Every structure is written in C-alpha cells, then in structure tokens.
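Next comes protein.cif, with mmCIF, C-alpha atoms.
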```cif
data_query
#
loop_
_atom_site.label_atom_id
_atom_site.label_comp_id
_atom_site.auth_asym_id
_atom_site.auth_seq_id
_atom_site.Cartn_x
_atom_site.Cartn_y
_atom_site.Cartn_z
CA MET A 1 117.24 124.04 114.92
CA LEU A 2 116.11 125.68 118.19
CA TYR A 3 119.49 124.97 119.79
CA ILE A 4 121.37 126.55 116.89
CA LEU A 5 118.97 129.50 116.69
CA LEU A 6 119.41 130.47 120.32
CA LYS A 7 123.16 129.89 120.21
CA ASP A 8 123.51 132.31 117.28
CA ALA A 9 121.25 134.87 118.95
CA LEU A 10 123.15 135.08 122.22
CA THR A 11 126.82 134.29 121.89
CA GLY A 12 128.21 133.47 125.28
CA ALA A 13 124.84 132.49 126.86
CA SER A 14 125.14 130.65 130.13
CA ARG A 15 126.28 127.04 130.21
CA ALA A 16 123.09 126.21 132.09
CA LEU A 17 120.99 127.38 129.14
CA ALA A 18 123.17 125.52 126.67
CA SER A 19 122.82 122.38 128.77
CA LEU A 20 119.07 122.83 128.90
CA LEU A 21 118.69 123.15 125.17
CA SER A 22 121.15 120.40 124.26
CA VAL A 23 118.81 117.64 125.40
CA GLU A 24 120.76 114.65 124.22
CA GLY A 25 124.14 115.91 123.20
CA ALA A 26 125.30 115.63 119.61
CA ALA A 27 122.15 113.84 118.41
CA ALA A 28 119.92 116.68 119.61
CA MET A 29 122.26 119.35 118.22
CA GLN A 30 122.13 117.80 114.77
CA TYR A 31 118.39 117.14 114.79
CA ASP A 32 116.21 119.54 112.80
CA ASN A 33 113.03 119.91 114.87
CA SER A 34 111.21 122.09 112.34
CA THR A 35 107.47 121.46 112.44
CA LEU A 36 104.97 122.42 109.74
CA THR A 37 101.25 122.76 110.27
CA ILE A 38 99.76 121.35 107.06
CA THR A 39 96.04 121.91 107.79
CA SER A 40 94.33 124.96 109.27
CA VAL A 41 91.25 122.97 110.30
CA GLY A 42 90.92 120.01 112.61
CA THR A 43 92.08 116.79 110.95
CA PRO A 44 92.48 114.40 113.90
CA ASP A 45 94.15 111.01 113.49
CA PRO A 46 95.78 111.86 110.14
CA PHE A 47 96.93 108.93 108.02
CA VAL A 48 98.80 109.52 104.75
CA THR A 49 99.38 107.08 101.90
CA ILE A 50 101.39 107.76 98.73
CA PHE A 51 100.32 106.35 95.38
CA ARG A 52 101.69 107.29 91.95
CA GLY A 53 103.07 110.62 93.10
CA ARG A 54 99.96 111.72 95.01
CA TYR A 55 99.27 111.95 98.71
CA TYR A 56 96.06 110.49 100.13
CA LEU A 57 94.98 111.77 103.55
CA THR A 58 92.31 110.21 105.73
CA PHE A 59 91.31 111.47 109.16
CA THR A 60 88.46 111.36 111.66
CA THR A 61 85.34 113.17 110.45
CA GLY A 62 82.87 111.36 112.70
CA ASN A 63 80.09 110.53 110.23
CA ARG A 64 81.82 109.44 107.03
CA VAL A 65 85.07 108.24 105.45
CA GLU A 66 86.66 110.98 103.36
CA ILE A 67 89.91 110.98 101.37
CA TRP A 68 91.86 114.06 100.35
CA SER A 69 94.03 113.56 97.26
CA SER A 70 96.81 116.01 96.40
CA GLY A 71 100.10 116.30 94.55
CA THR A 72 101.51 118.30 97.47
CA LEU A 73 101.53 117.50 101.17
CA SER A 74 102.68 120.85 102.53
CA ASP A 75 99.52 122.50 101.11
CA ILE A 76 97.24 119.48 101.01
CA GLU A 77 94.29 121.41 102.42
CA GLY A 78 94.32 123.96 99.61
CA ALA A 79 95.35 121.67 96.77
CA ALA A 80 93.39 118.50 97.49
CA SER A 81 90.38 117.09 95.77
CA ARG A 82 88.05 115.67 98.41
CA HIS A 83 86.15 112.42 98.05
CA VAL A 84 83.59 110.91 100.43
CA ILE A 85 83.91 107.18 99.76
CA TRP A 86 81.57 105.92 102.49
CA THR A 87 78.67 107.20 104.54
CA PRO A 88 77.08 104.51 106.71
CA PRO A 89 73.33 103.97 106.63
CA GLN A 90 71.45 105.27 109.63
CA GLY A 91 70.32 103.02 112.45
CA THR A 92 72.97 100.30 112.22
CA ASP A 93 75.58 99.08 114.69
CA HIS A 94 78.20 101.06 112.74
CA SER A 95 76.42 104.36 112.03
CA ALA A 96 78.04 106.64 114.60
CA ASP A 97 81.41 108.03 115.64
CA LEU A 98 83.56 106.81 112.76
CA TRP A 99 87.15 107.18 113.98
CA ALA A 100 90.67 107.01 112.55
CA PRO A 101 90.18 105.55 109.05
CA GLU A 102 93.32 104.19 107.39
CA LEU A 103 93.81 103.53 103.68
CA HIS A 104 95.93 100.48 102.76
CA ALA A 105 96.77 98.65 99.53
CA LEU A 106 96.80 94.92 100.37
CA HIS A 107 96.77 91.82 98.20
CA GLY A 108 95.90 93.82 95.09
CA ARG A 109 93.00 95.84 96.51
CA TRP A 110 92.42 99.04 98.46
CA TYR A 111 91.02 98.68 101.97
CA VAL A 112 89.99 101.15 104.66
CA TYR A 113 90.05 100.13 108.33
CA TYR A 114 88.09 102.28 110.78
CA ALA A 115 86.22 102.17 114.09
CA ALA A 116 82.50 102.85 114.40
CA ALA A 117 79.80 102.66 117.07
CA ASN A 118 76.13 101.86 117.43
CA PRO A 119 74.32 105.18 118.01
CA SER A 120 71.98 103.46 120.49
CA HIS A 121 74.86 102.28 122.71
CA GLY A 122 77.55 104.93 122.33
CA ASN A 123 81.28 104.58 122.85
CA LYS A 124 81.18 101.17 124.52
CA SER A 125 79.96 99.69 121.21
CA HIS A 126 83.00 100.76 119.15
CA ARG A 127 84.29 97.96 116.95
CA MET A 128 86.66 97.77 113.97
CA TYR A 129 85.21 97.63 110.43
CA VAL A 130 86.60 97.24 106.92
CA LEU A 131 85.71 98.77 103.55
CA GLY A 132 86.82 97.19 100.27
CA GLY A 133 87.66 99.42 97.32
CA PRO A 134 88.94 99.31 93.76
CA PRO A 135 92.03 97.39 92.63
CA ALA A 136 95.26 98.67 94.16
CA SER A 137 96.46 99.59 90.67
CA GLU A 138 93.74 102.24 90.44
CA ASP A 139 93.16 105.58 92.16
CA PRO A 140 91.41 104.81 95.47
CA CYS A 141 89.29 107.94 95.11
CA HIS A 142 87.62 106.55 92.00
CA GLY A 143 85.76 103.30 91.66
CA GLN A 144 83.38 101.46 93.93
CA TRP A 145 83.70 100.92 97.67
CA GLU A 146 81.74 98.34 99.65
CA PHE A 147 81.13 97.62 103.30
CA LEU A 148 82.82 94.34 104.31
CA GLY A 149 81.85 94.36 107.98
CA ARG A 150 84.06 93.43 110.91
CA ILE A 151 87.29 91.46 110.66
CA HIS A 152 86.23 87.81 110.76
CA ASP A 153 87.06 85.97 114.02
CA MET A 154 88.20 89.14 115.78
CA PRO A 155 87.13 89.17 119.46
CA ASP A 156 83.86 90.94 120.25
CA GLN A 157 85.75 93.65 122.07
CA TRP A 158 85.76 97.44 122.28
CA ALA A 159 88.36 98.26 119.62
CA ILE A 160 89.61 101.38 117.83
CA ASP A 161 92.62 102.66 115.87
CA GLY A 162 93.34 99.47 113.93
CA THR A 163 96.30 99.33 111.57
CA VAL A 164 97.93 96.66 109.42
CA LEU A 165 101.62 95.84 109.12
CA THR A 166 103.87 93.18 107.64
CA LEU A 167 106.50 91.38 109.72
CA ASN A 168 108.45 88.33 108.56
CA ASN A 169 106.36 88.32 105.36
CA GLU A 170 103.16 87.86 107.38
CA LEU A 171 100.25 90.29 107.74
CA TYR A 172 99.26 91.49 111.23
CA PHE A 173 96.56 93.72 112.66
CA VAL A 174 97.29 95.93 115.68
CA TYR A 175 94.65 97.92 117.55
CA SER A 176 93.70 99.55 120.84
CA GLY A 177 91.18 97.67 122.97
CA TRP A 178 89.70 97.27 126.41
CA PRO A 179 91.23 94.41 128.41
CA LEU A 180 90.37 90.79 127.67
CA GLU A 181 90.15 87.87 130.08
CA ASN A 182 90.41 84.46 128.42
CA GLY A 183 89.54 86.03 125.08
CA VAL A 184 86.43 87.82 126.42
CA MET A 185 86.14 91.52 127.21
CA ALA A 186 86.62 91.86 130.96
CA ASP A 187 84.38 94.90 131.47
CA GLU A 188 81.83 96.06 128.91
CA SER A 189 81.45 99.54 130.36
CA SER A 190 84.87 100.67 131.60
CA ASP A 191 86.93 103.12 129.55
CA LEU A 192 89.72 103.53 132.08
CA VAL A 193 92.25 101.16 130.48
CA GLN A 194 93.19 100.77 126.82
CA GLN A 195 95.81 98.24 125.76
CA LEU A 196 97.47 97.36 122.46
CA PHE A 197 96.62 94.02 120.87
CA ILE A 198 98.02 92.18 117.86
CA MET A 199 96.47 89.47 115.66
CA LYS A 200 97.85 87.58 112.70
CA LEU A 201 95.70 87.95 109.57
CA GLU A 202 94.81 85.18 107.15
CA ASP A 203 93.83 87.85 104.62
CA PRO A 204 92.89 91.55 104.89
CA THR A 205 89.49 90.75 106.41
CA SER A 206 90.08 87.52 108.40
CA ALA A 207 92.03 86.80 111.58
CA ALA A 208 94.38 83.80 111.68
CA SER A 209 95.05 83.96 115.42
CA GLY A 210 93.60 85.18 118.64
CA ALA A 211 94.28 88.68 119.95
CA VAL A 212 97.42 89.05 122.10
CA MET A 213 98.03 92.01 124.39
CA ILE A 214 101.50 93.48 123.76
CA SER A 215 101.34 96.80 125.62
CA HIS A 216 99.72 97.92 128.87
CA PRO A 217 99.86 101.54 130.13
CA GLN A 218 102.12 100.98 133.14
CA ASN A 219 104.32 104.10 133.00
CA THR A 220 103.25 107.29 134.75
CA TRP A 221 103.51 109.22 131.47
CA GLU A 222 100.97 106.86 129.88
CA ILE A 223 98.32 107.76 132.46
CA THR A 224 96.12 110.85 132.81
CA ARG A 225 94.82 111.64 136.29
CA GLU A 226 91.68 113.68 136.74
CA GLY A 227 91.10 116.08 139.61
CA ASN A 228 88.86 113.55 141.36
CA GLY A 229 91.65 110.97 141.34
CA THR A 230 90.33 108.88 138.44
CA GLU A 231 93.14 107.46 136.32
CA HIS A 232 92.94 106.78 132.59
CA GLY A 233 95.69 104.44 131.39
CA ILE A 234 95.69 104.72 127.61
CA ASN A 235 97.63 103.07 124.78
CA GLU A 236 96.11 103.76 121.36
CA GLY A 237 96.84 104.90 117.80
CA PRO A 238 99.51 102.27 116.98
CA GLN A 239 101.49 102.91 113.78
CA PHE A 240 104.28 100.90 112.23
CA LEU A 241 107.66 102.63 111.89
CA SER A 242 110.94 101.42 110.43
CA SER A 243 114.31 103.11 110.02
CA PRO A 244 115.60 103.80 106.49
CA ASP A 245 118.38 101.23 106.96
CA GLY A 246 115.93 98.59 108.18
CA LEU A 247 117.70 98.07 111.53
CA TRP A 248 114.86 99.38 113.70
CA HIS A 249 111.26 98.17 113.46
CA GLY A 250 108.41 98.77 115.80
CA LEU A 251 105.28 100.65 116.72
CA VAL A 252 104.76 104.24 117.68
CA TYR A 253 101.65 104.56 119.83
CA SER A 254 99.80 107.39 121.55
CA CYS A 255 99.18 107.50 125.27
CA ALA A 256 97.56 109.47 128.10
CA GLY A 257 94.33 111.41 127.49
CA SER A 258 93.77 112.56 123.92
CA TRP A 259 91.61 115.38 125.32
CA THR A 260 94.57 116.85 127.22
CA HIS A 261 97.89 118.54 126.50
CA GLU A 262 99.47 115.41 128.04
CA TYR A 263 98.74 113.34 124.93
CA LYS A 264 102.02 112.06 123.53
CA MET A 265 103.69 109.30 121.53
CA GLY A 266 105.72 106.37 122.85
CA LEU A 267 107.73 103.52 121.34
CA LEU A 268 107.28 99.76 121.23
CA ARG A 269 110.25 98.15 119.50
CA TYR A 270 110.01 94.80 117.74
CA ILE A 271 113.16 92.94 118.83
CA GLY A 272 112.59 89.78 116.80
CA GLY A 273 110.86 86.47 117.22
CA ASP A 274 107.16 85.72 117.01
CA PRO A 275 105.19 89.00 116.84
CA LEU A 276 102.40 87.23 118.77
CA ASP A 277 104.76 86.78 121.72
CA PRO A 278 104.65 89.84 124.03
CA ALA A 279 108.35 89.25 124.76
CA SER A 280 109.09 90.22 121.15
CA TRP A 281 108.17 93.83 121.95
CA ARG A 282 110.15 96.23 124.15
CA LYS A 283 108.61 99.47 125.38
CA GLY A 284 110.67 102.66 125.47
CA GLU A 285 111.46 104.14 128.87
CA GLU A 286 110.39 107.64 127.89
CA PRO A 287 108.09 109.24 125.28
CA LEU A 288 109.17 109.74 121.71
CA VAL A 289 107.66 113.24 121.74
CA GLN A 290 105.45 115.22 124.10
CA THR A 291 104.59 118.81 125.03
CA ARG A 292 105.00 120.44 128.40
CA LYS A 293 102.05 122.55 129.55
CA HIS A 294 104.30 125.57 129.89
CA GLY A 295 105.99 125.09 126.52
CA THR A 296 105.24 126.86 123.28
CA GLY A 297 103.35 124.05 121.53
CA PRO A 298 101.98 122.54 119.47
CA PHE A 299 100.24 120.61 122.25
CA GLY A 300 99.20 116.99 122.66
CA PRO A 301 101.11 115.48 119.69
CA GLY A 302 99.63 112.10 118.88
CA HIS A 303 98.20 109.51 116.52
CA GLY A 304 100.95 109.90 113.95
CA SER A 305 101.56 108.08 110.70
CA PHE A 306 104.94 107.85 109.00
CA LEU A 307 106.30 108.29 105.49
CA HIS A 308 109.66 107.50 103.93
CA LEU A 309 110.56 110.56 101.86
CA GLY A 310 113.84 111.08 100.05
CA GLY A 311 115.80 108.80 102.37
CA GLU A 312 114.28 110.39 105.47
CA VAL A 313 111.29 109.59 107.67
CA VAL A 314 108.56 112.13 108.36
CA ALA A 315 105.84 111.91 111.00
CA ILE A 316 102.37 113.24 110.25
CA TYR A 317 100.46 113.66 113.51
CA HIS A 318 97.81 115.86 115.05
CA ALA A 319 98.32 118.49 117.75
CA THR A 320 96.56 121.60 119.02
CA ASP A 321 97.65 125.24 119.15
CA SER A 322 96.59 125.68 122.79
CA PRO A 323 96.98 123.43 125.85
CA THR A 324 93.25 123.89 126.57
CA ASP A 325 91.86 123.00 123.11
CA GLY A 326 90.95 119.46 124.14
CA TRP A 327 89.57 117.55 121.16
CA GLU A 328 89.11 120.76 119.14
CA ASN A 329 91.53 122.09 116.52
CA ARG A 330 93.65 118.96 116.26
CA LYS A 331 95.51 120.03 113.14
CA ALA A 332 97.86 117.89 111.06
CA ARG A 333 101.56 118.60 111.62
CA ALA A 334 104.69 117.29 109.92
CA GLN A 335 108.07 116.71 111.56
CA ARG A 336 111.19 114.72 110.76
CA VAL A 337 112.05 111.52 112.61
CA ALA A 338 115.78 110.95 113.16
CA PHE A 339 117.33 107.63 114.14
CA THR A 340 120.14 107.21 116.67
CA GLU A 341 121.72 104.09 118.13
CA GLU A 342 118.87 104.09 120.64
CA GLY A 343 116.15 104.29 118.00
CA PRO A 344 113.76 106.99 116.73
CA TYR A 345 114.28 110.54 117.94
CA MET A 346 111.94 113.55 117.64
CA GLY A 347 113.42 115.89 120.23
CA ARG A 348 111.57 114.29 123.17
CA SER A 349 109.68 117.45 124.15
CA PHE A 350 108.42 120.66 122.54
CA GLY A 351 108.45 122.46 125.87
CA VAL A 352 110.67 123.00 128.88
CA PRO A 353 110.47 120.74 131.97
CA GLU A 354 108.42 122.34 134.73
CA GLN A 355 111.27 122.06 137.24
CA ASN A 356 113.21 124.53 135.08
CA GLN A 357 110.65 127.36 135.14
CA SER A 358 113.29 130.02 135.83
CA LYS A 359 115.25 128.92 132.80
CA GLU A 360 112.04 128.73 130.80
CA GLY A 361 111.50 132.42 131.39
CA LEU A 362 114.86 133.12 129.79
CA VAL A 363 113.98 130.95 126.81
CA ARG A 364 110.67 132.78 126.38
CA ARG A 365 112.40 136.17 126.49
CA LEU A 366 114.91 135.02 123.91
CA LYS A 367 112.13 133.86 121.62
CA GLN A 368 110.31 137.15 122.01
CA ARG A 369 113.46 139.04 121.17
CA LEU A 370 114.03 136.93 118.08
CA ALA A 371 110.41 137.36 117.01
CA ARG A 372 110.76 141.14 117.15
CA HIS A 373 113.67 140.98 114.76
CA GLY A 374 112.13 138.42 112.44
CA ARG A 375 112.45 134.66 112.40
CA GLY A 376 115.92 133.18 112.48
CA ARG A 377 117.62 132.10 109.27
CA HIS A 378 118.10 128.55 110.54
CA GLU A 379 114.44 128.16 111.49
CA MET A 380 113.22 129.40 108.13
CA ALA A 381 115.74 127.23 106.29
CA GLY A 382 114.62 124.20 108.27
CA GLU A 383 110.97 124.80 107.41
CA ARG A 384 111.78 125.37 103.74
CA SER A 385 113.77 122.14 103.67
CA LEU A 386 110.91 120.23 105.31
CA ARG A 387 108.38 121.74 102.92
CA THR A 388 110.49 120.63 99.96
CA LEU A 389 110.78 117.15 101.43
CA LEU A 390 107.01 116.92 101.93
CA ASP A 391 106.38 117.69 98.27
CA SER A 392 108.72 114.98 96.92
CA GLY A 393 106.07 112.27 96.93
CA SER A 394 106.48 111.35 93.27
CA LYS A 395 109.94 109.98 94.09
CA VAL A 396 109.17 108.04 97.24
CA ALA A 397 107.19 105.16 98.65
CA CYS A 398 104.97 104.94 101.69
CA ALA A 399 106.66 103.78 104.90
#
```
Write-out of the structure in structure tokens:
Amino acid sequence: MLYILLKDALTGASRALASLLSVEGAAAMQYDNSTLTITSVGTPDPFVTIFRGRYYLTFTTGNRVEIWSSGTLSDIEGAASRHVIWTPPQGTDHSADLWAPELHALHGRWYVYYAAANPSHGNKSHRMYVLGGPPASEDPCHGQWEFLGRIHDMPDQWAIDGTVLTLNNELYFVYSGWPLENGVMADESSDLVQQLFIMKLEDPTSAASGAVMISHPQNTWEITREGNGTEHGINEGPQFLSSPDGLWHGLVYSCAGSWTHEYKMGLLRYIGGDPLDPASWRKGEEPLVQTRKHGTGPFGPGHGSFLHLGGEVVAIYHATDSPTDGWENRKARAQRVAFTEEGPYMGRSFGVPEQNQSKEGLVRRLKQRLARHGRGRHEMAGERSLRTLLDSGSKVACA
C-alpha cells in the first residue's frame, strides 16, 4: 500500500525512489502492508486462539495468566471480557515472571503453556509449566483450571516461549532455551545465547523424546551487540505457520534483543523428514520483518502468532511506538502475511535502510505532505479491509 500511495502522490517521481519502495518487485507491489494496532496498552507476546466465533487473547502480564475473550479482534481491548484463570501461590519455584502464556485445545482439553521463575533465583530459574482447563468443547474462560507442573521428562533447562504444533500427525513442543551439552544445561548463569529446541510429545504434558536443537543464532541480524562489546545471540518466541494451500510449513521465531528496536522475526522452514532431525529445518537468509531505527515504526516487531482468516493469514505480534521504548508499550499489532514462491512475505522492513538516508529524507517529506492533506485513499482502504478481516472470526479456524 505504501508503494501505491507514494506513486499516486507524486506522478513521475524518480526511478531511484520507485526502486527503493519496490522492495521485491511484483510481490511487494501487490502486498498490502497495512498494520493495525489492536491494543492501546502493553500486551507483549500476544497469542490468539479462535473458538466458536470468539477470539481469545493471552499475553505476558508477569504475575498471572489472563485471557481476554471478544467477538471482535480489531477492538478486542474495548470489547473483551477479561478472565484471570491462574495466579500462582507465593513462594514457589513458579511464582514469578510468568511469560508468554499460550492457550491450546489438545486431545479434548484446554491447556495453557507458560514460563515462570522462582522469585528467589530470578531469570536463570525460568522453566516451562502447564495448566489444564475445562473440556475443549467448553469456553476456556469458564470452568476449572489446575496446575499440572512441568512437562514430564523435559530437560532441567532454562526454557521460555514454549508452543505446541502438529507435524505428520504427531504432537511436538518447541521452545527457546539455553544451550545443552549431552542433555544437560551447559551454563546455569549465562543469558547470552538462546537456541530453539524441539521435543516430541507423548501427550500434552509428557515428552516422548529428548530435546533437539534446531536453530542457533548464527546470523548477524540475530545478534544484538551492546556498547561494551557483549553479544546476545537470541532465538525465541517460536510459532507455527502454514500457507493456506498447505505447501509451506515452518516456524516464525523472534531474534536479537527484545529490549531493542532490533527485535525482529525470522523463518525456519520445515522441508520434510523427521522433525527431530535438525536437517529437516532450513533457516531463512534474511528476516521476515524488522524495523530500521530511522524508519517510521512500529519498532521491534516480534513474538507473533498467526491466524487463518477468510483464506488469508494474519500475524498478531507486539511492537512499540518508539525505538527507545524497550520493554515498555509493546502493543499488539495485526498485519497480513502473503506467500510467494520463496515463502512468507511481510514486506521485510517497516523502515528505510540506513545506507539510503538521503532517499529516506525524501520519503519522510512525502509522508508529511500526505499527512497534511489527509491519509491516502489506498491506506485507509487497506486498513478498513484488514479490520473487516480481523472481525470475521466466526467463519474461520485458528492457524
């Protein structure tokens, strides 16, 4: 939409500008990059499930597991009923820093997977935990929930951001963890490297295999470097994604520092074979979506979940309004995911590459000019179309 908007605003603009905005040729020109902010408050690590025409949103609150239930996604904050389904007792090994809860219907029952820490030991004690809820035929916001503990036979390893997925009719659990050596955590105090691991599940609460590392942060864009030279190589927030035609399957994961504008999402495609074989996964050469520091935002897009809506795929992820917000104001955003012959496509970047600062100035002036005369017809139409798509939950199924 941005390409079309600027083209209509300045007929005969330079070929250099046209080349800049047409990132990937025809695919980029046809892609509608409209983005909606669906919460005005921080809702980090948003995960959305659809059940009987209602949307169920979970996100990181820190001290509890809360579900928002709404018939609309575009205005979920204003329309939702809010239900706290779990508050941990004080003084346990799972009382603090509850992160990234996910709601799943598995084997006839609702489950929530989340990370939590021991308040006496802090971040290094984060482990994955499971809650069991009412039957999957009932509203997950009503009925009893119980604490089921850790996943049985999962390594005693720093672990966060766990998710479940089905491949080849088998259930798997994927999460972000500190490195293992011979099945044992290599360093109990280091937070400089996070990898992605996969385990086969016997049932929703029991592992049927050991944990296998399938992604290591080896690309420069997966690493955040501090001013003192310290490097944080981070792979986290894995989420399953499939194309509407079923030809592409894989994981979208978040990388680099979540406290920076560099936070972004990358791709790990499942190419077939045993999911427990690292060779069955192929990492993308560039991010799926990111924000340049000198762009217009939103900034630090990450930890997305995905919905199939009306024959399309929509990403729900968090991002900030400012490049300096850090972990504050990580609001939920919605954006379409297109699929090309190369795989998922979300426009690659919200901003303009830093080596094109002179051209960026022209883009900024064009945007300012358009803002003075009101928003472009194409932009508004794109947002209206996305809003309509987000509120079609009664006709769709969760991705």
Give me the residues within 6 Å of Ala96 of chain A as a count of residues only, counting all atoms listed in the file and dropping any in the same chain fewer than 3 places off. 4
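Residue membership of the PyMOL selection byres ((chain A and resi 255) around 9) in the shown file amounts to Pro217, Trp221, Glu222, Ile223, Thr224, Gly233, Ile234, Asn235, Glu236, Gly237, Tyr253, Ser254, Ala256, Gly257, Ser258, Glu262, Tyr263, Lys264, Met265, Gly266 and Gly302 of chain A.
Within a radius of 10 Å around (85.8, 113.8, 111.1), the polymer residues are A:Gly42, A:Thr43, A:Pro44, A:Asp45, A:Thr58, A:Phe59, A:Thr60, A:Thr61, A:Gly62, A:Asn63, A:Arg64, A:Val65, A:Glu66, A:Asp97, A:Leu98, A:Trp99, A:Ala100, A:Pro101, counting only C-alpha atoms.
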If you apply the PyMOL selection byres ((chain A and resi 150-163) around 6) to this file, what residues do you get, as a list in words? Ala100, Ala115, His126, Arg127, Met128, Tyr129, Gly149, Val164, Phe173, Val174, Tyr175, Ser176, Gly177, Trp178, Met185, Thr205, Ser206, Ala207 and Gly237 of chain A
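Relative to atom CA of Asp391 of chain A, atom CA of Ser69 of chain A is found at 13.1 Å.
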Given the PyMOL selection byres ((chain A and resi 337) around 12), the residues it picks as a PyMOL selection string: chain A and resi 27-28+31-35+241-244+252+288-289+304-309+311-317+334-336+338-340+343-348+386
May I have the residues within 12 Å of segment 276-280 of chain A as a ChimeraX atom specification, using only C-alpha atoms and disregarding those fewer than 6 positions away in the same chain? /A:167-168,170-174,196-201,208-216,249-251,268-270
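Between atom CA of Glu77 of chain A and atom CA of Thr39 of chain A there is a distance of 5.7 Å.
Distance-wise, atom CA of Pro301 of chain A and atom CA of Glu342 of chain A end up 21.1 Å apart.
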Of the candidates A:Pro46, A:Pro323, A:Pro89, A:Pro179, which one gets nearest to Ile76 of chain A if we count all atoms listed in the file? A:Pro46
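Shortest atom-to-atom contact with Leu73 of chain A among A:Leu36, A:Val130, A:Val41, A:Glu138: A:Leu36, counting all atoms listed in the file.
Closest to Pro287 of chain A among A:Asp274, A:Thr72, A:Thr320, A:Asn219 is A:Asn219, based on all atoms listed in the file.
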Within 10 Å of segment 186-190 of chain A, counting only C-alpha atoms, which residues show up once you throw out same-chain ones fewer than 2 positions away? Write them as a ChimeraX atom specification, please. /A:123-125,157-158,178-184,192-194
Mind checking which residues fall within 6 Å of Leu390 of chain A, counting only C-alpha atoms, ignoring those fewer than 2 positions away in the same chain, and posting them as a ChimeraX atom specification? /A:73-74,387-388,392
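Using only C-alpha atoms, the shortest contact distance between Lys331 of chain A and any of A:Ser385, A:Thr260, A:Ser81, A:Ser40 is found at A:Ser40.
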